[in-house]
>>> print(open('protein_4.cif').read())   # mmCIF, C-alpha atoms
data_entry
loop_
_atom_site.group_PDB
_atom_site.id
_atom_site.type_symbol
_atom_site.label_atom_id
_atom_site.label_comp_id
_atom_site.auth_asym_id
_atom_site.auth_seq_id
_atom_site.Cartn_x
_atom_site.Cartn_y
_atom_site.Cartn_z
ATOM 1 C CA PHE A 18 -0.901 47.308 60.424
ATOM 2 C CA ASP A 19 0.982 49.667 62.720
ATOM 3 C CA PHE A 20 2.700 48.220 65.782
ATOM 4 C CA TYR A 21 4.808 49.362 68.729
ATOM 5 C CA TYR A 22 8.276 47.950 69.404
ATOM 6 C CA VAL A 23 11.128 48.938 71.731
ATOM 7 C CA GLY A 24 14.588 47.565 71.060
ATOM 8 C CA ASN A 25 17.261 47.604 68.359
ATOM 9 C CA GLN A 26 16.499 49.353 65.070
ATOM 10 C CA ILE A 27 14.058 47.288 63.009
ATOM 11 C CA TYR A 28 15.288 46.189 59.572
ATOM 12 C CA SER A 29 12.409 43.876 58.706
ATOM 13 C CA ASN A 30 9.184 42.599 60.194
ATOM 14 C CA ARG A 31 7.060 39.520 59.794
ATOM 15 C CA ALA A 32 3.280 39.299 60.081
ATOM 16 C CA VAL A 33 1.430 36.024 60.627
ATOM 17 C CA ILE A 34 -2.348 36.190 60.156
ATOM 18 C CA THR A 35 -4.558 33.276 61.133
ATOM 19 C CA ASP A 36 -8.227 32.731 60.309
ATOM 20 C CA ASN A 37 -9.856 32.708 63.724
ATOM 21 C CA ASP A 38 -12.543 30.147 62.784
ATOM 22 C CA THR A 39 -10.395 27.548 61.015
ATOM 23 C CA GLN A 40 -7.032 28.275 62.719
ATOM 24 C CA THR A 41 -5.499 28.257 59.227
ATOM 25 C CA ILE A 42 -2.586 30.612 58.544
ATOM 26 C CA VAL A 43 -3.733 32.789 55.645
ATOM 27 C CA TYR A 44 -0.704 35.096 55.527
ATOM 28 C CA ASP A 45 2.924 34.739 56.645
ATOM 29 C CA ASN A 46 5.318 37.203 55.108
ATOM 30 C CA THR A 47 8.390 39.261 55.990
ATOM 31 C CA GLN A 48 8.832 42.802 54.683
ATOM 32 C CA ASN A 49 12.148 44.632 54.573
ATOM 33 C CA THR A 50 11.344 48.002 56.131
ATOM 34 C CA MET A 51 12.531 50.068 59.068
ATOM 35 C CA LYS A 52 8.980 51.241 59.744
ATOM 36 C CA ASN A 53 6.810 49.948 62.562
ATOM 37 C CA SER A 54 4.153 48.883 60.096
ATOM 38 C CA HIS A 55 3.303 45.975 57.846
ATOM 39 C CA VAL A 56 1.350 46.500 54.611
ATOM 40 C CA LEU A 57 -0.986 43.732 53.496
ATOM 41 C CA PRO A 58 -1.382 43.053 49.773
ATOM 42 C CA PRO A 59 -4.862 43.542 48.307
ATOM 43 C CA SER A 60 -7.322 40.629 48.499
ATOM 44 C CA THR A 61 -5.450 38.916 51.337
ATOM 45 C CA LEU A 62 -8.409 38.873 53.735
ATOM 46 C CA THR A 63 -12.079 37.976 53.266
ATOM 47 C CA SER A 64 -14.893 40.263 54.397
ATOM 48 C CA GLY A 65 -17.028 38.971 57.242
ATOM 49 C CA ARG A 66 -14.279 36.918 58.883
ATOM 50 C CA SER A 67 -12.260 37.303 62.055
ATOM 51 C CA TYR A 68 -8.492 36.905 62.201
ATOM 52 C CA THR A 69 -5.575 37.121 64.586
ATOM 53 C CA ILE A 70 -2.280 38.794 63.773
ATOM 54 C CA GLN A 71 1.157 38.309 65.302
ATOM 55 C CA ILE A 72 4.206 40.451 64.560
ATOM 56 C CA GLN A 73 7.904 39.576 64.757
ATOM 57 C CA VAL A 74 10.769 42.023 64.132
ATOM 58 C CA PHE A 75 14.364 41.495 62.986
ATOM 59 C CA ASP A 76 17.401 43.746 63.428
ATOM 60 C CA ASN A 77 20.359 44.248 61.079
ATOM 61 C CA ASP A 78 22.316 41.391 62.710
ATOM 62 C CA GLY A 79 19.497 38.904 62.113
ATOM 63 C CA ASN A 80 18.366 38.850 65.734
ATOM 64 C CA SER A 81 14.623 38.411 66.060
ATOM 65 C CA SER A 82 11.976 39.077 68.633
ATOM 66 C CA ASP A 83 9.492 36.430 69.617
ATOM 67 C CA LEU A 84 6.162 36.523 67.850
ATOM 68 C CA SER A 85 3.873 38.976 69.611
ATOM 69 C CA MET A 86 0.733 37.934 71.395
ATOM 70 C CA ALA A 87 -2.073 37.225 68.933
ATOM 71 C CA VAL A 88 -4.425 40.183 68.482
ATOM 72 C CA LEU A 89 -7.974 39.542 67.301
ATOM 73 C CA PHE A 90 -9.417 41.756 64.561
ATOM 74 C CA TYR A 91 -12.385 41.661 62.195
ATOM 75 C CA CYS A 92 -12.611 42.280 58.479
ATOM 76 C CA PHE A 93 -16.098 43.731 57.988
ATOM 77 C CA SER A 94 -16.056 44.892 54.372
ATOM 78 C CA SER A 95 -13.831 46.062 51.575
ATOM 79 C CA PRO A 96 -12.845 49.692 52.053
ATOM 80 C CA LEU A 97 -14.007 52.295 49.561
ATOM 81 C CA PHE A 98 -11.995 55.440 48.987
ATOM 82 C CA TYR A 99 -13.439 58.669 47.639
ATOM 83 C CA PHE A 100 -11.623 61.871 46.802
ATOM 84 C CA GLN A 101 -13.379 65.220 46.946
ATOM 85 C CA ASN A 102 -12.209 68.604 45.725
ATOM 86 C CA VAL A 103 -9.223 67.219 43.850
ATOM 87 C CA PHE A 104 -7.561 69.899 41.736
ATOM 88 C CA VAL A 105 -5.795 68.734 38.593
ATOM 89 C CA ASP A 106 -3.498 71.192 36.848
ATOM 90 C CA ALA A 107 -4.180 70.597 33.140
ATOM 91 C CA HIS A 108 -1.011 72.478 32.153
ATOM 92 C CA ARG A 109 1.369 69.920 33.643
#
>>> encode(input="protein_4.cif", output="structure tokens")
Amino acid sequence: FDFYYVGNQIYSNRAVITDNDTQTIVYDNTQNTMKNSHVLPPSTLTSGRSYTIQIQVFDNDGNSSDLSMAVLFYCFSSPLFYFQNVFVDAHR
């Protein structure tokens, strides 16, 4: 999940994901990264369900933003990745 933030340099971010139907928190984790993105581990979400996500950021001094507004999103299916025209150098 990529997000936009203006303020002090980010040193970590927290994502809170809630199942939209049951209002159950299915994910609440903080990642130590200076990037404006949060990477979800595999198998965290279930296909065919709707969720909301909120983001919170932390700076180097431990100051934190409020949780963002909840944003609704849908998980339709598991992604499939295909690679075409991949060249493999057999001599390496």
>>> closest_residue(input="protein_4.cif", among="A:Tyr91, A:Tyr22, A:Tyr28, A:Tyr68", to="Gln48 in chain A", atoms="all atoms listed in the file")
A:Tyr28
>>> residues_around(input="protein_4.cif", residues="range 50-58 of chain A", least_positions_apart="4", cutoff="8 Å", atoms="all atoms listed in the file", output="MDAnalysis selection string")
chainID A and resid 18:22 26:32
>>> atom_distance(input="protein_4.cif", atom1="CA of Leu62 in chain A", atom2="CA of Val88 in chain A")
15.3 Å
>>> resolve_selection(input="protein_4.cif", expression="the PyMOL selection byres ((chain A and resi 63) around 10)", output="PDB file with C-alpha atoms, in the coordinates of the input")
ATOM      1  CA  ASP A  36      -8.227  32.731  60.309  1.00  0.00           C
ATOM      2  CA  SER A  60      -7.322  40.629  48.499  1.00  0.00           C
ATOM      3  CA  THR A  61      -5.450  38.916  51.337  1.00  0.00           C
ATOM      4  CA  LEU A  62      -8.409  38.873  53.735  1.00  0.00           C
ATOM      5  CA  SER A  64     -14.893  40.263  54.397  1.00  0.00           C
ATOM      6  CA  GLY A  65     -17.028  38.971  57.242  1.00  0.00           C
ATOM      7  CA  ARG A  66     -14.279  36.918  58.883  1.00  0.00           C
ATOM      8  CA  SER A  67     -12.260  37.303  62.055  1.00  0.00           C
ATOM      9  CA  TYR A  68      -8.492  36.905  62.201  1.00  0.00           C
ATOM     10  CA  TYR A  91     -12.385  41.661  62.195  1.00  0.00           C
ATOM     11  CA  CYS A  92     -12.611  42.280  58.479  1.00  0.00           C
ATOM     12  CA  PHE A  93     -16.098  43.731  57.988  1.00  0.00           C
ATOM     13  CA  SER A  94     -16.056  44.892  54.372  1.00  0.00           C
ATOM     14  CA  SER A  95     -13.831  46.062  51.575  1.00  0.00           C
TER      15      SER A  95
END
>>> resolve_selection(input="protein_4.cif", expression="the PyMOL selection byres ((chain A and resi 44) around 7)", output="list in words")
Val33, Ile34, Ile42, Val43, Asp45 and Asn46 of chain A
>>> atom_distance(input="protein_4.cif", atom1="CA of Gln40 in chain A", atom2="CA of Gln73 in chain A")
18.8 Å
>>> resolve_selection(input="protein_4.cif", expression="the PyMOL selection byres ((chain A and resi 85) around 9)", output="ChimeraX atom specification")
/A:70-73,82-84,86-88
>>> write_last_selection(input="protein_4.cif", atoms="C-alpha atoms", output="mmCIF file, in the coordinates of the input")
data_model
loop_
_atom_site.group_PDB
_atom_site.id
_atom_site.type_symbol
_atom_site.label_atom_id
_atom_site.label_comp_id
_atom_site.auth_asym_id
_atom_site.auth_seq_id
_atom_site.Cartn_x
_atom_site.Cartn_y
_atom_site.Cartn_z
ATOM 1 C CA ILE A 70 -2.280 38.794 63.773
ATOM 2 C CA GLN A 71 1.157 38.309 65.302
ATOM 3 C CA ILE A 72 4.206 40.451 64.560
ATOM 4 C CA GLN A 73 7.904 39.576 64.757
ATOM 5 C CA SER A 82 11.976 39.077 68.633
ATOM 6 C CA ASP A 83 9.492 36.430 69.617
ATOM 7 C CA LEU A 84 6.162 36.523 67.850
ATOM 8 C CA MET A 86 0.733 37.934 71.395
ATOM 9 C CA ALA A 87 -2.073 37.225 68.933
ATOM 10 C CA VAL A 88 -4.425 40.183 68.482
#
>>> closest_residue(input="protein_4.cif", among="A:Thr41, A:Thr35, A:Asn25, A:Thr47", to="Asp76 in chain A", atoms="all atoms listed in the file")
A:Asn25
